[in-house]
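A.B. asks: What follows is the file work_26.pdb, containing PDB, C-alpha atoms:
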```pdb
ATOM      1  CA  MET B 330    -102.345 -33.808 -88.865
ATOM      2  CA  ASN B 331     -98.636 -33.355 -88.026
ATOM      3  CA  LYS B 332     -96.594 -35.611 -90.280
ATOM      4  CA  TYR B 333     -93.456 -35.193 -88.176
ATOM      5  CA  SER B 334     -92.440 -37.263 -85.158
ATOM      6  CA  ASN B 335     -91.389 -35.241 -82.161
ATOM      7  CA  PHE B 336     -87.775 -35.250 -80.985
ATOM      8  CA  THR B 337     -86.914 -34.365 -77.390
ATOM      9  CA  ILE B 338     -83.835 -34.676 -75.200
ATOM     10  CA  HIS B 339     -83.681 -33.558 -71.596
ATOM     11  CA  LEU B 340     -81.920 -34.085 -68.302
ATOM     12  CA  GLU B 341     -83.625 -36.104 -65.619
ATOM     13  CA  GLU B 342     -82.714 -36.847 -62.010
ATOM     14  CA  PRO B 343     -79.093 -37.073 -60.833
ATOM     15  CA  ASN B 344     -77.568 -40.535 -60.865
ATOM     16  CA  CYS B 345     -76.278 -41.011 -57.333
ATOM     17  CA  GLU B 346     -74.812 -44.460 -58.051
ATOM     18  CA  LYS B 347     -71.210 -44.495 -59.199
ATOM     19  CA  TYR B 348     -70.818 -47.298 -61.710
ATOM     20  CA  ALA B 349     -67.383 -46.267 -62.951
ATOM     21  CA  GLU B 350     -63.974 -45.058 -61.861
ATOM     22  CA  PRO B 351     -63.322 -41.292 -62.095
ATOM     23  CA  PRO B 352     -61.446 -40.006 -65.168
ATOM     24  CA  ASP B 353     -57.686 -40.185 -64.617
ATOM     25  CA  ASP B 354     -55.312 -38.334 -66.920
ATOM     26  CA  SER B 355     -52.111 -39.255 -65.125
ATOM     27  CA  LEU B 356     -50.343 -39.396 -68.512
ATOM     28  CA  GLY B 357     -51.259 -35.771 -69.236
ATOM     29  CA  GLU B 358     -52.829 -36.492 -72.622
ATOM     30  CA  LEU B 359     -55.919 -34.294 -72.456
ATOM     31  CA  SER B 360     -56.530 -30.568 -72.680
ATOM     32  CA  HIS B 361     -58.174 -28.740 -69.769
ATOM     33  CA  PHE B 362     -61.456 -28.723 -71.689
ATOM     34  CA  GLU B 363     -61.345 -32.424 -72.621
ATOM     35  CA  LEU B 364     -60.675 -33.499 -69.048
ATOM     36  CA  GLY B 365     -63.166 -30.949 -67.684
ATOM     37  CA  LEU B 366     -65.916 -32.381 -69.855
ATOM     38  CA  LYS B 367     -65.213 -35.918 -68.640
ATOM     39  CA  LEU B 368     -65.076 -34.823 -64.996
ATOM     40  CA  PHE B 369     -68.329 -32.861 -65.349
ATOM     41  CA  CYS B 370     -70.167 -35.828 -66.862
ATOM     42  CA  PHE B 371     -68.792 -38.168 -64.184
ATOM     43  CA  GLU B 372     -69.300 -35.984 -61.120
ATOM     44  CA  CYS B 373     -72.636 -34.491 -62.203
ATOM     45  CA  ASP B 374     -73.959 -37.670 -63.784
ATOM     46  CA  ARG B 375     -77.672 -37.694 -64.612
ATOM     47  CA  LEU B 376     -80.127 -39.716 -66.542
ATOM     48  CA  VAL B 377     -80.918 -38.271 -69.937
ATOM     49  CA  SER B 378     -84.203 -39.009 -71.633
ATOM     50  CA  ILE B 379     -84.451 -39.049 -75.425
ATOM     51  CA  GLU B 380     -87.741 -39.456 -77.261
ATOM     52  CA  ILE B 381     -88.211 -39.922 -80.973
ATOM     53  CA  GLY B 382     -91.833 -40.459 -81.817
ATOM     54  CA  GLN B 383     -92.960 -43.378 -79.680
ATOM     55  CA  GLU B 384     -89.395 -44.542 -78.993
ATOM     56  CA  LYS B 385     -88.029 -43.610 -75.564
ATOM     57  CA  ILE B 386     -84.485 -44.279 -74.510
ATOM     58  CA  LYS B 387     -82.622 -43.537 -71.300
ATOM     59  CA  VAL B 388     -78.923 -42.883 -71.278
ATOM     60  CA  PHE B 389     -76.484 -41.236 -68.857
ATOM     61  CA  LEU B 390     -74.271 -38.181 -69.022
ATOM     62  CA  ASP B 391     -71.394 -40.534 -68.209
ATOM     63  CA  PRO B 392     -70.523 -42.160 -70.518
ATOM     64  CA  ASP B 393     -73.211 -41.809 -73.226
ATOM     65  CA  ILE B 394     -73.656 -38.060 -73.596
ATOM     66  CA  CYS B 395     -69.980 -37.487 -72.821
ATOM     67  CA  MET B 396     -69.155 -39.595 -75.879
ATOM     68  CA  VAL B 397     -71.611 -37.649 -78.041
ATOM     69  CA  LEU B 398     -69.968 -34.397 -76.928
ATOM     70  CA  GLU B 399     -66.534 -35.851 -77.655
ATOM     71  CA  ASP B 400     -67.817 -36.714 -81.132
ATOM     72  CA  GLU B 401     -68.162 -32.943 -81.698
ATOM     73  CA  LEU B 402     -71.935 -32.629 -81.597
ATOM     74  CA  PRO B 403     -71.883 -28.840 -82.332
ATOM     75  CA  LYS B 404     -69.937 -29.471 -85.541
ATOM     76  CA  LYS B 405     -72.392 -32.202 -86.521
ATOM     77  CA  LEU B 406     -75.372 -29.912 -85.933
ATOM     78  CA  SER B 407     -73.761 -27.313 -88.152
ATOM     79  CA  GLU B 408     -73.319 -29.932 -90.876
ATOM     80  CA  LEU B 409     -76.920 -31.060 -90.472
ATOM     81  CA  SER B 410     -78.133 -27.488 -90.908
ATOM     82  CA  GLN B 411     -76.140 -27.323 -94.153
ATOM     83  CA  GLY B 412     -77.959 -30.350 -95.523
ATOM     84  CA  LYS B 413     -75.286 -32.927 -94.748
ATOM     85  CA  PRO B 414     -76.139 -36.318 -93.196
ATOM     86  CA  ILE B 415     -74.855 -36.997 -89.684
ATOM     87  CA  LYS B 416     -74.796 -39.880 -87.221
ATOM     88  CA  ILE B 417     -75.355 -39.664 -83.487
ATOM     89  CA  GLU B 418     -74.130 -42.839 -81.896
ATOM     90  CA  PHE B 419     -74.567 -44.556 -78.551
ATOM     91  CA  VAL B 420     -72.515 -47.670 -77.807
ATOM     92  CA  GLU B 421     -72.770 -48.034 -74.029
ATOM     93  CA  SER B 422     -76.114 -47.851 -72.192
ATOM     94  CA  VAL B 423     -77.807 -48.639 -75.455
ATOM     95  CA  CYS B 424     -76.358 -49.619 -78.824
ATOM     96  CA  LEU B 425     -78.087 -47.247 -81.137
ATOM     97  CA  THR B 426     -77.182 -45.114 -84.135
ATOM     98  CA  LEU B 427     -79.385 -42.233 -85.239
ATOM     99  CA  GLU B 428     -78.731 -41.613 -88.923
ATOM    100  CA  LEU B 429     -80.101 -38.187 -89.781
ATOM    101  CA  GLN B 430     -80.462 -37.321 -93.448
ATOM    102  CA  PRO B 431     -81.809 -33.844 -94.274
ATOM    103  CA  PHE B 432     -84.193 -33.336 -97.189
ATOM    104  CA  ALA B 433     -86.017 -30.381 -98.665
ATOM    105  CA  ASN B 434     -88.710 -28.472 -96.773
ATOM    106  CA  ASP B 435     -86.983 -28.640 -93.373
ATOM    107  CA  ARG B 436     -87.449 -32.397 -93.254
ATOM    108  CA  ILE B 437     -85.090 -35.003 -91.797
ATOM    109  CA  SER B 438     -85.256 -38.719 -92.380
ATOM    110  CA  CYS B 439     -84.143 -40.476 -89.201
ATOM    111  CA  ASN B 440     -82.985 -44.080 -89.368
ATOM    112  CA  PHE B 441     -83.176 -45.433 -85.812
ATOM    113  CA  LYS B 442     -80.690 -48.350 -85.871
ATOM    114  CA  LYS B 443     -80.575 -50.634 -82.864
ATOM    115  CA  PHE B 444     -77.820 -53.228 -82.635
ATOM    116  CA  GLY B 445     -75.986 -55.114 -79.877
ATOM    117  CA  TYR B 446     -78.000 -57.427 -77.638
ATOM    118  CA  LEU B 447     -81.076 -57.745 -79.820
ATOM    119  CA  SER B 448     -81.496 -61.119 -78.100
ATOM    120  CA  PRO B 449     -80.219 -61.727 -74.552
ATOM    121  CA  ASN B 450     -77.373 -64.066 -75.498
ATOM    122  CA  GLU B 451     -76.076 -62.620 -78.708
ATOM    123  CA  PHE B 452     -74.394 -59.319 -79.429
ATOM    124  CA  THR B 453     -74.439 -58.481 -83.110
ATOM    125  CA  LEU B 454     -73.651 -55.587 -85.420
ATOM    126  CA  LYS B 455     -76.698 -56.462 -87.496
ATOM    127  CA  SER B 456     -79.297 -53.821 -86.840
ATOM    128  CA  GLN B 457     -83.037 -53.437 -86.477
ATOM    129  CA  ASN B 458     -84.115 -50.283 -88.260
ATOM    130  CA  GLN B 459     -87.026 -47.963 -87.713
ATOM    131  CA  HIS B 460     -87.677 -44.858 -89.755
ATOM    132  CA  PHE B 461     -89.008 -41.528 -88.574
ATOM    133  CA  GLN B 462     -89.635 -38.232 -90.259
ATOM    134  CA  LEU B 463     -88.437 -35.311 -88.144
ATOM    135  CA  HIS B 464     -88.585 -31.539 -88.433
ATOM    136  CA  LYS B 465     -85.055 -30.209 -88.957
ATOM    137  CA  THR B 466     -85.425 -26.932 -87.105
ATOM    138  CA  GLN B 467     -87.087 -28.660 -84.168
ATOM    139  CA  VAL B 468     -84.294 -31.261 -83.894
ATOM    140  CA  ILE B 469     -81.492 -28.726 -84.167
ATOM    141  CA  THR B 470     -83.121 -26.330 -81.705
ATOM    142  CA  GLU B 471     -83.703 -29.104 -79.186
ATOM    143  CA  LEU B 472     -80.090 -30.279 -79.378
ATOM    144  CA  GLN B 473     -78.724 -26.727 -79.323
ATOM    145  CA  GLU B 474     -80.630 -25.925 -76.149
ATOM    146  CA  PHE B 475     -79.498 -29.169 -74.559
ATOM    147  CA  LEU B 476     -75.872 -28.394 -75.436
ATOM    148  CA  GLU B 477     -76.188 -24.862 -74.104
ATOM    149  CA  GLN B 478     -77.645 -26.156 -70.840
ATOM    150  CA  LEU B 479     -74.847 -28.712 -70.360
ATOM    151  CA  MET B 480     -72.089 -26.230 -71.121
ATOM    152  CA  GLN B 481     -73.538 -23.698 -68.699
ATOM    153  CA  MET B 482     -73.735 -26.351 -65.967
ATOM    154  CA  ALA B 483     -70.109 -27.279 -66.656
ATOM    155  CA  ILE B 484     -69.086 -23.625 -66.354
ATOM    156  CA  ASN B 485     -71.092 -23.160 -63.165
ATOM    157  CA  GLY B 486     -69.359 -26.189 -61.671
ATOM    158  CA  GLY B 487     -65.939 -24.852 -62.616
ATOM    159  CA  TYR B 488     -65.187 -27.730 -64.979
ATOM    160  CA  ILE B 489     -64.688 -25.620 -68.105
ATOM    161  CA  THR B 490     -64.154 -21.925 -68.772
ATOM    162  CA  PRO B 491     -66.560 -19.605 -70.646
ATOM    163  CA  GLU B 492     -63.925 -19.281 -73.378
ATOM    164  CA  GLU B 493     -63.765 -23.063 -73.776
ATOM    165  CA  LYS B 494     -67.536 -23.234 -74.014
ATOM    166  CA  GLN B 495     -67.567 -20.511 -76.633
ATOM    167  CA  GLU B 496     -64.940 -22.262 -78.722
ATOM    168  CA  PHE B 497     -66.710 -25.624 -78.436
ATOM    169  CA  LEU B 498     -70.058 -24.152 -79.478
ATOM    170  CA  MET B 499     -68.537 -22.026 -82.245
ATOM    171  CA  PRO B 500     -69.942 -24.228 -85.064
ATOM    172  CA  LEU B 501     -73.450 -23.343 -83.866
ATOM    173  CA  LEU B 502     -72.849 -19.775 -85.017
ATOM    174  CA  THR B 503     -73.223 -20.989 -88.574
ATOM    175  CA  ILE B 504     -76.766 -22.154 -87.959
ATOM    176  CA  ALA B 505     -78.216 -19.690 -85.514
ATOM    177  CA  PRO B 506     -78.097 -16.058 -84.468
ATOM    178  CA  ALA B 507     -75.180 -15.062 -82.277
ATOM    179  CA  SER B 508     -77.525 -15.364 -79.298
ATOM    180  CA  ALA B 509     -77.166 -19.142 -79.602
ATOM    181  CA  ILE B 510     -73.817 -18.796 -77.860
ATOM    182  CA  SER B 511     -73.786 -16.818 -74.697
ATOM    183  CA  SER B 512     -70.945 -17.089 -72.231
TER     184      SER B 512
ATOM    185  CA  MET Q 383     -57.089 -72.302 -73.571
ATOM    186  CA  HIS Q 384     -53.484 -71.168 -73.263
ATOM    187  CA  ASN Q 385     -53.432 -69.296 -69.957
ATOM    188  CA  GLY Q 386     -53.934 -65.951 -71.659
ATOM    189  CA  ARG Q 387     -50.904 -66.291 -73.968
ATOM    190  CA  ASP Q 388     -51.434 -66.128 -77.685
ATOM    191  CA  THR Q 389     -50.254 -68.888 -79.924
ATOM    192  CA  SER Q 390     -50.616 -68.787 -83.698
ATOM    193  CA  GLU Q 391     -53.902 -70.676 -83.452
ATOM    194  CA  ASP Q 392     -55.075 -68.078 -80.937
ATOM    195  CA  THR Q 393     -54.604 -65.151 -83.317
ATOM    196  CA  PRO Q 394     -57.671 -62.958 -82.791
ATOM    197  CA  GLU Q 395     -60.083 -62.853 -85.687
ATOM    198  CA  VAL Q 396     -62.636 -60.287 -86.866
ATOM    199  CA  ILE Q 397     -66.009 -62.027 -87.101
ATOM    200  CA  GLU Q 398     -68.244 -59.023 -87.817
ATOM    201  CA  GLN Q 399     -67.376 -55.564 -89.058
ATOM    202  CA  ASP Q 400     -69.066 -52.362 -90.106
ATOM    203  CA  ILE Q 401     -66.333 -50.146 -91.536
ATOM    204  CA  ILE Q 402     -67.242 -46.476 -91.793
ATOM    205  CA  ASP Q 403     -64.255 -45.155 -93.744
ATOM    206  CA  GLN Q 404     -61.685 -47.285 -95.530
ATOM    207  CA  THR Q 405     -59.748 -44.436 -97.139
ATOM    208  CA  VAL Q 406     -57.311 -43.623 -94.328
ATOM    209  CA  GLU Q 407     -55.658 -45.915 -91.816
ATOM    210  CA  VAL Q 408     -55.767 -44.776 -88.207
ATOM    211  CA  GLY Q 409     -54.623 -46.152 -84.868
ATOM    212  CA  SER Q 410     -51.292 -47.324 -83.504
ATOM    213  CA  GLY Q 411     -48.504 -47.247 -86.055
ATOM    214  CA  CYS Q 412     -50.385 -44.806 -88.316
ATOM    215  CA  ASN Q 413     -50.103 -41.048 -88.648
ATOM    216  CA  TRP Q 414     -51.884 -39.322 -85.773
ATOM    217  CA  THR Q 415     -54.746 -37.227 -87.150
ATOM    218  CA  GLY Q 416     -56.569 -36.437 -83.909
ATOM    219  CA  SER Q 417     -56.338 -33.350 -81.719
ATOM    220  CA  GLY Q 418     -53.435 -32.630 -79.366
ATOM    221  CA  ILE Q 419     -50.706 -35.141 -78.692
ATOM    222  CA  GLU Q 420     -50.805 -38.725 -79.916
ATOM    223  CA  PRO Q 421     -52.069 -41.161 -77.294
ATOM    224  CA  GLN Q 422     -49.793 -43.740 -75.712
ATOM    225  CA  TRP Q 423     -51.267 -46.676 -77.608
ATOM    226  CA  ASP Q 424     -49.271 -49.325 -75.736
ATOM    227  CA  ASN Q 425     -50.384 -48.070 -72.334
ATOM    228  CA  PRO Q 426     -53.787 -49.403 -71.192
ATOM    229  CA  LYS Q 427     -54.061 -46.381 -68.884
ATOM    230  CA  SER Q 428     -54.113 -43.981 -71.852
ATOM    231  CA  ILE Q 429     -57.247 -41.915 -71.225
ATOM    232  CA  LYS Q 430     -57.090 -40.589 -74.762
ATOM    233  CA  ALA Q 431     -57.068 -43.988 -76.428
ATOM    234  CA  TYR Q 432     -59.041 -46.086 -73.951
ATOM    235  CA  ASP Q 433     -60.778 -43.871 -71.366
ATOM    236  CA  HIS Q 434     -64.281 -45.290 -71.293
ATOM    237  CA  ILE Q 435     -63.015 -48.860 -71.544
ATOM    238  CA  ASP Q 436     -60.876 -48.639 -68.440
ATOM    239  CA  ARG Q 437     -63.421 -46.735 -66.382
ATOM    240  CA  HIS Q 438     -66.591 -48.595 -67.382
ATOM    241  CA  HIS Q 439     -65.376 -52.075 -68.304
ATOM    242  CA  GLY Q 440     -62.033 -52.428 -66.540
ATOM    243  CA  PRO Q 441     -60.875 -55.373 -64.409
ATOM    244  CA  LYS Q 442     -60.806 -53.321 -61.193
ATOM    245  CA  LEU Q 443     -64.551 -52.667 -61.172
ATOM    246  CA  LYS Q 444     -66.612 -54.707 -58.720
ATOM    247  CA  PRO Q 445     -69.553 -56.963 -59.640
ATOM    248  CA  LEU Q 446     -71.872 -54.535 -57.839
ATOM    249  CA  ASN Q 447     -70.859 -51.763 -60.276
ATOM    250  CA  PHE Q 448     -71.853 -53.929 -63.206
ATOM    251  CA  ARG Q 449     -75.039 -55.280 -61.651
ATOM    252  CA  GLY Q 450     -76.221 -51.711 -61.017
ATOM    253  CA  ARG Q 451     -75.360 -50.586 -64.508
ATOM    254  CA  ALA Q 452     -76.806 -53.691 -66.146
ATOM    255  CA  ALA Q 453     -80.043 -53.291 -64.187
ATOM    256  CA  SER Q 454     -80.413 -49.578 -64.851
ATOM    257  CA  LYS Q 455     -79.773 -50.113 -68.550
ATOM    258  CA  ASN Q 456     -81.475 -53.523 -68.676
ATOM    259  CA  GLN Q 457     -78.654 -54.739 -70.835
ATOM    260  CA  PRO Q 458     -75.686 -57.089 -70.171
ATOM    261  CA  GLN Q 459     -72.376 -55.411 -69.345
ATOM    262  CA  GLY Q 460     -68.967 -56.726 -70.329
ATOM    263  CA  GLN Q 461     -65.856 -56.666 -68.131
ATOM    264  CA  TRP Q 462     -62.273 -57.220 -69.241
ATOM    265  CA  LEU Q 463     -60.075 -59.521 -67.135
ATOM    266  CA  ASN Q 464     -56.787 -57.964 -68.198
ATOM    267  CA  ALA Q 465     -56.134 -54.358 -69.239
ATOM    268  CA  GLN Q 466     -53.452 -55.460 -71.703
ATOM    269  CA  ASP Q 467     -56.169 -57.170 -73.746
ATOM    270  CA  TRP Q 468     -57.696 -53.880 -74.901
ATOM    271  CA  VAL Q 469     -54.226 -52.836 -76.053
ATOM    272  CA  LYS Q 470     -54.060 -56.148 -77.908
ATOM    273  CA  ALA Q 471     -57.516 -55.423 -79.322
ATOM    274  CA  GLU Q 472     -56.290 -52.086 -80.655
ATOM    275  CA  GLN Q 473     -53.409 -53.833 -82.394
ATOM    276  CA  VAL Q 474     -55.523 -56.528 -84.056
ATOM    277  CA  THR Q 475     -58.576 -54.451 -84.970
ATOM    278  CA  PRO Q 476     -58.523 -53.195 -88.577
ATOM    279  CA  LYS Q 477     -57.090 -49.668 -88.806
ATOM    280  CA  TYR Q 478     -60.311 -48.130 -90.048
ATOM    281  CA  PRO Q 479     -63.031 -46.297 -88.130
ATOM    282  CA  GLY Q 480     -66.000 -48.557 -87.537
ATOM    283  CA  CYS Q 481     -67.550 -51.266 -85.399
ATOM    284  CA  TYR Q 482     -66.062 -54.729 -85.005
ATOM    285  CA  ILE Q 483     -66.604 -57.969 -83.130
ATOM    286  CA  ILE Q 484     -63.296 -59.710 -82.465
ATOM    287  CA  ASN Q 485     -62.917 -63.349 -81.453
ATOM    288  CA  PHE Q 486     -59.852 -63.638 -79.227
ATOM    289  CA  LYS Q 487     -60.181 -67.468 -79.129
ATOM    290  CA  ARG Q 488     -59.403 -67.399 -75.401
ATOM    291  CA  SER Q 489     -61.062 -66.051 -72.297
ATOM    292  CA  ILE Q 490     -60.827 -62.272 -72.143
ATOM    293  CA  GLY Q 491     -63.612 -61.352 -69.768
ATOM    294  CA  LYS Q 492     -67.062 -61.866 -68.353
ATOM    295  CA  VAL Q 493     -70.550 -60.556 -68.938
ATOM    296  CA  HIS Q 494     -72.804 -59.341 -66.113
ATOM    297  CA  TYR Q 495     -76.571 -59.677 -66.547
ATOM    298  CA  PRO Q 496     -79.151 -57.410 -64.891
ATOM    299  CA  ASP Q 497     -80.328 -60.249 -62.599
ATOM    300  CA  GLY Q 498     -76.814 -60.731 -61.225
ATOM    301  CA  THR Q 499     -75.935 -63.732 -63.401
ATOM    302  CA  ILE Q 500     -72.314 -63.647 -64.551
ATOM    303  CA  ILE Q 501     -71.124 -65.490 -67.658
ATOM    304  CA  GLU Q 502     -67.412 -66.280 -67.392
ATOM    305  CA  ASN Q 503     -64.840 -67.175 -70.075
ATOM    306  CA  VAL Q 504     -66.165 -64.793 -72.673
ATOM    307  CA  THR Q 505     -64.032 -64.843 -75.809
ATOM    308  CA  HIS Q 506     -65.433 -62.043 -78.002
ATOM    309  CA  ALA Q 507     -65.243 -58.259 -77.763
ATOM    310  CA  PHE Q 508     -67.141 -55.415 -79.349
ATOM    311  CA  ILE Q 509     -64.882 -52.603 -80.573
ATOM    312  CA  ARG Q 510     -65.803 -49.121 -81.806
ATOM    313  CA  ARG Q 511     -62.855 -47.339 -83.411
ATOM    314  CA  LYS Q 512     -63.258 -43.575 -83.871
ATOM    315  CA  PRO Q 513     -62.134 -41.555 -86.912
ATOM    316  CA  ASP Q 514     -58.903 -40.610 -85.104
ATOM    317  CA  GLY Q 515     -58.173 -44.284 -84.361
ATOM    318  CA  THR Q 516     -58.837 -44.169 -80.622
ATOM    319  CA  PHE Q 517     -61.395 -46.511 -79.106
ATOM    320  CA  LYS Q 518     -64.760 -45.015 -78.312
ATOM    321  CA  SER Q 519     -65.660 -48.220 -76.569
ATOM    322  CA  ALA Q 520     -64.619 -51.845 -76.287
ATOM    323  CA  TYR Q 521     -66.031 -54.564 -74.087
ATOM    324  CA  PRO Q 522     -66.459 -58.340 -73.932
ATOM    325  CA  VAL Q 523     -69.723 -59.558 -75.440
ATOM    326  CA  LEU Q 524     -71.603 -62.810 -75.819
ATOM    327  CA  ASN Q 525     -72.627 -64.438 -79.026
ATOM    328  CA  ASN Q 526     -73.819 -67.851 -80.089
ATOM    329  CA  ALA Q 527     -70.287 -69.009 -80.772
ATOM    330  CA  THR Q 528     -69.291 -68.105 -77.234
ATOM    331  CA  LEU Q 529     -72.232 -69.929 -75.748
ATOM    332  CA  SER Q 530     -71.839 -73.081 -77.816
ATOM    333  CA  SER Q 531     -68.150 -73.135 -76.977
ATOM    334  CA  LEU Q 532     -68.977 -72.744 -73.273
ATOM    335  CA  ASN Q 533     -71.560 -75.510 -73.466
ATOM    336  CA  ARG Q 534     -69.023 -77.798 -75.065
ATOM    337  CA  SER Q 535     -66.430 -77.134 -72.378
ATOM    338  CA  ASP Q 536     -69.063 -77.706 -69.694
ATOM    339  CA  GLU Q 537     -69.825 -81.107 -71.189
ATOM    340  CA  ASP Q 538     -66.132 -81.927 -71.407
ATOM    341  CA  GLU Q 539     -65.807 -81.281 -67.709
TER     342      GLU Q 539
END
```
Would you mind giving the structure from this file in structure tokens?
C.D. replies:
Amino acid sequence: MNKYSNFTIHLEEPNCEKYAEPPDDSLGELSHFELGLKLFCFECDRLVSIEIGQEKIKVFLDPDICMVLEDELPKKLSELSQGKPIKIEFVESVCLTLELQPFANDRISCNFKKFGYLSPNEFTLKSQNQHFQLHKTQVITELQEFLEQLMQMAINGGYITPEEKQEFLMPLLTIAPASAISS
Amino acid sequence: MHNGRDTSEDTPEVIEQDIIDQTVEVGSGCNWTGSGIEPQWDNPKSIKAYDHIDRHHGPKLKPLNFRGRAASKNQPQGQWLNAQDWVKAEQVTPKYPGCYIINFKRSIGKVHYPDGTIIENVTHAFIRRKPDGTFKSAYPVLNNATLSSLNRSDEDE
């Protein structure tokens, strides 16, 4: 019997509703890549489905996944592969922190921390925790492929350049063969 | 209520916090440690400091935007009344990365429920400060204190 819970993340249907204003960098604060990422997530918004064991959550490219990308997900995956704990955090569509702690034998302990509106009328930082045991290689591979897919879509749409993608995904080189980054 | 102006008794107060790193101070008035140029902290339109707040919880958004989002996420959505209040929030939130709930002690926004119900005169905000000091997110939220305060003011009326 498999002792690990499965971890999946994938794009679902486009979100045709616009719930937010478009990104506006009239002050000129962002790099081409930073603004391109925001524009891609806004203009190509989609539902994103994440499953951890029996837990299923739905988030959006804009703003949830955009925020995860801005939190340097490739760098975090590299750290995870080196045995360091990381956090993947959602504070918009859902209030959820995934605390991933690697252990020996390719094992990850995942603390699934829900906070926010745990009851309809009270937002709190106190969390409800659930624990899962995940397979490290499976989690990293799943997230790597998801990242690769998003970056390629952003290039195809003209939001970022291949060089920007390569630089952003550079930390993945430490955990995978060079084929993990293809421009 | 003081028509949106702060008096000493209105000084915002942190009521819950989950500090991630207390070793370095970040945010306005501190050394900029993030990438690129330092954001314009005093400008609510700063995309670097406040992007997702303005676009997803700003005062210009229409109730329909929030109802759609609240329904699709099945979770209440907060809306600021005044963009200057998230600048104020940046100033009063502790200068450490982490999550906070701030009581402004005055109305700062409203909360939209998935069924279309809107709760006005919301006084608290959730804040998530990133390691570089910018705000990942910030929006008005409800809590028991807000509701009991609203109930009291309803009875007073």
A.B. asks: What is the CA of Ile394 (chain B)-CA of Ile501 (chain Q) distance in Å, reported with one decimal?
C.D. replies: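 Value for the CA of Ile394 (chain B)-CA of Ile501 (chain Q) distance: 28.2 Å.
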A.B. asks: Which residues match the ChimeraX specification (/Q :<9) & /B in the file above, as a compact mmCIF listing (two decimals) with C-alpha atoms, in the frame of the given file?
C.D. replies:
```
# COMPACT_ATOMS: atom_id res chain seq x y z
CA GLU B 346 -74.81 -44.46 -58.05
CA LYS B 347 -71.21 -44.50 -59.20
CA TYR B 348 -70.82 -47.30 -61.71
CA ALA B 349 -67.38 -46.27 -62.95
CA GLU B 350 -63.97 -45.06 -61.86
CA PRO B 351 -63.32 -41.29 -62.10
CA PRO B 352 -61.45 -40.01 -65.17
CA ASP B 353 -57.69 -40.18 -64.62
CA ASP B 354 -55.31 -38.33 -66.92
CA SER B 355 -52.11 -39.26 -65.12
CA LEU B 356 -50.34 -39.40 -68.51
CA GLY B 357 -51.26 -35.77 -69.24
CA GLU B 358 -52.83 -36.49 -72.62
CA LEU B 359 -55.92 -34.29 -72.46
CA SER B 360 -56.53 -30.57 -72.68
CA LYS B 387 -82.62 -43.54 -71.30
CA VAL B 388 -78.92 -42.88 -71.28
CA PRO B 392 -70.52 -42.16 -70.52
CA MET B 396 -69.16 -39.60 -75.88
CA ASP B 400 -67.82 -36.71 -81.13
CA VAL B 420 -72.52 -47.67 -77.81
CA GLU B 421 -72.77 -48.03 -74.03
CA SER B 422 -76.11 -47.85 -72.19
CA VAL B 423 -77.81 -48.64 -75.46
CA GLY B 445 -75.99 -55.11 -79.88
CA TYR B 446 -78.00 -57.43 -77.64
CA PRO B 449 -80.22 -61.73 -74.55
CA ASN B 450 -77.37 -64.07 -75.50
CA GLU B 451 -76.08 -62.62 -78.71
CA PHE B 452 -74.39 -59.32 -79.43
CA THR B 453 -74.44 -58.48 -83.11
CA LEU B 454 -73.65 -55.59 -85.42
CA LYS B 455 -76.70 -56.46 -87.50
```
A.B. asks: Neighbouring residues of Asp467 (chain Q) were defined as those with any atom within 12 Å, considering all atoms listed in the file; residues of the same chain fewer than 3 positions away were excluded. Please report them as a ChimeraX atom specification.
C.D. replies: /Q:386-388,394,424-426,432,435-436,439-441,461-464,470-475,484-486,488-491,505-507,509,520-522
A.B. asks: Measuring between all atoms listed in the file, which one of Q:Phe517, Q:Val396, Q:Trp423, Q:Trp414 shows the shortest distance to Pro479 (chain Q)?
C.D. replies: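 Nearest to Pro479 (chain Q): Q:Phe517.
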A.B. asks: For CA of Asp374 (chain B) and CA of Glu477 (chain B), determine how far apart the two atoms are, in Å to one decimal place.
C.D. replies: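 So the answer is 16.6 Å.
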A.B. asks: Please expand the PyMOL selection byres ((chain B and resi 433) around 12) into the concrete residues it hits in this file, giving the result as an mmCIF file with C-alpha atoms, in the coordinates of the input.
C.D. replies:
```cif
data_model
loop_
_atom_site.group_PDB
_atom_site.id
_atom_site.type_symbol
_atom_site.label_atom_id
_atom_site.label_comp_id
_atom_site.auth_asym_id
_atom_site.auth_seq_id
_atom_site.Cartn_x
_atom_site.Cartn_y
_atom_site.Cartn_z
ATOM 1 C CA SER B 410 -78.133 -27.488 -90.908
ATOM 2 C CA GLN B 411 -76.140 -27.323 -94.153
ATOM 3 C CA GLY B 412 -77.959 -30.350 -95.523
ATOM 4 C CA LYS B 413 -75.286 -32.927 -94.748
ATOM 5 C CA GLN B 430 -80.462 -37.321 -93.448
ATOM 6 C CA PRO B 431 -81.809 -33.844 -94.274
ATOM 7 C CA PHE B 432 -84.193 -33.336 -97.189
ATOM 8 C CA ASN B 434 -88.710 -28.472 -96.773
ATOM 9 C CA ASP B 435 -86.983 -28.640 -93.373
ATOM 10 C CA ARG B 436 -87.449 -32.397 -93.254
ATOM 11 C CA ILE B 437 -85.090 -35.003 -91.797
ATOM 12 C CA SER B 438 -85.256 -38.719 -92.380
ATOM 13 C CA LEU B 463 -88.437 -35.311 -88.144
ATOM 14 C CA HIS B 464 -88.585 -31.539 -88.433
ATOM 15 C CA LYS B 465 -85.055 -30.209 -88.957
#
```
A.B. asks: Can you pull out every residue within 7 Å of Ile417 (chain B), counting all atoms listed in the file, but drop anything in the same chain fewer than 3 positions away, and send it as a list of chain:residue names?
C.D. replies: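 Result of the neighbour search: B:Val397, B:Thr426, B:Leu427, B:Glu428.
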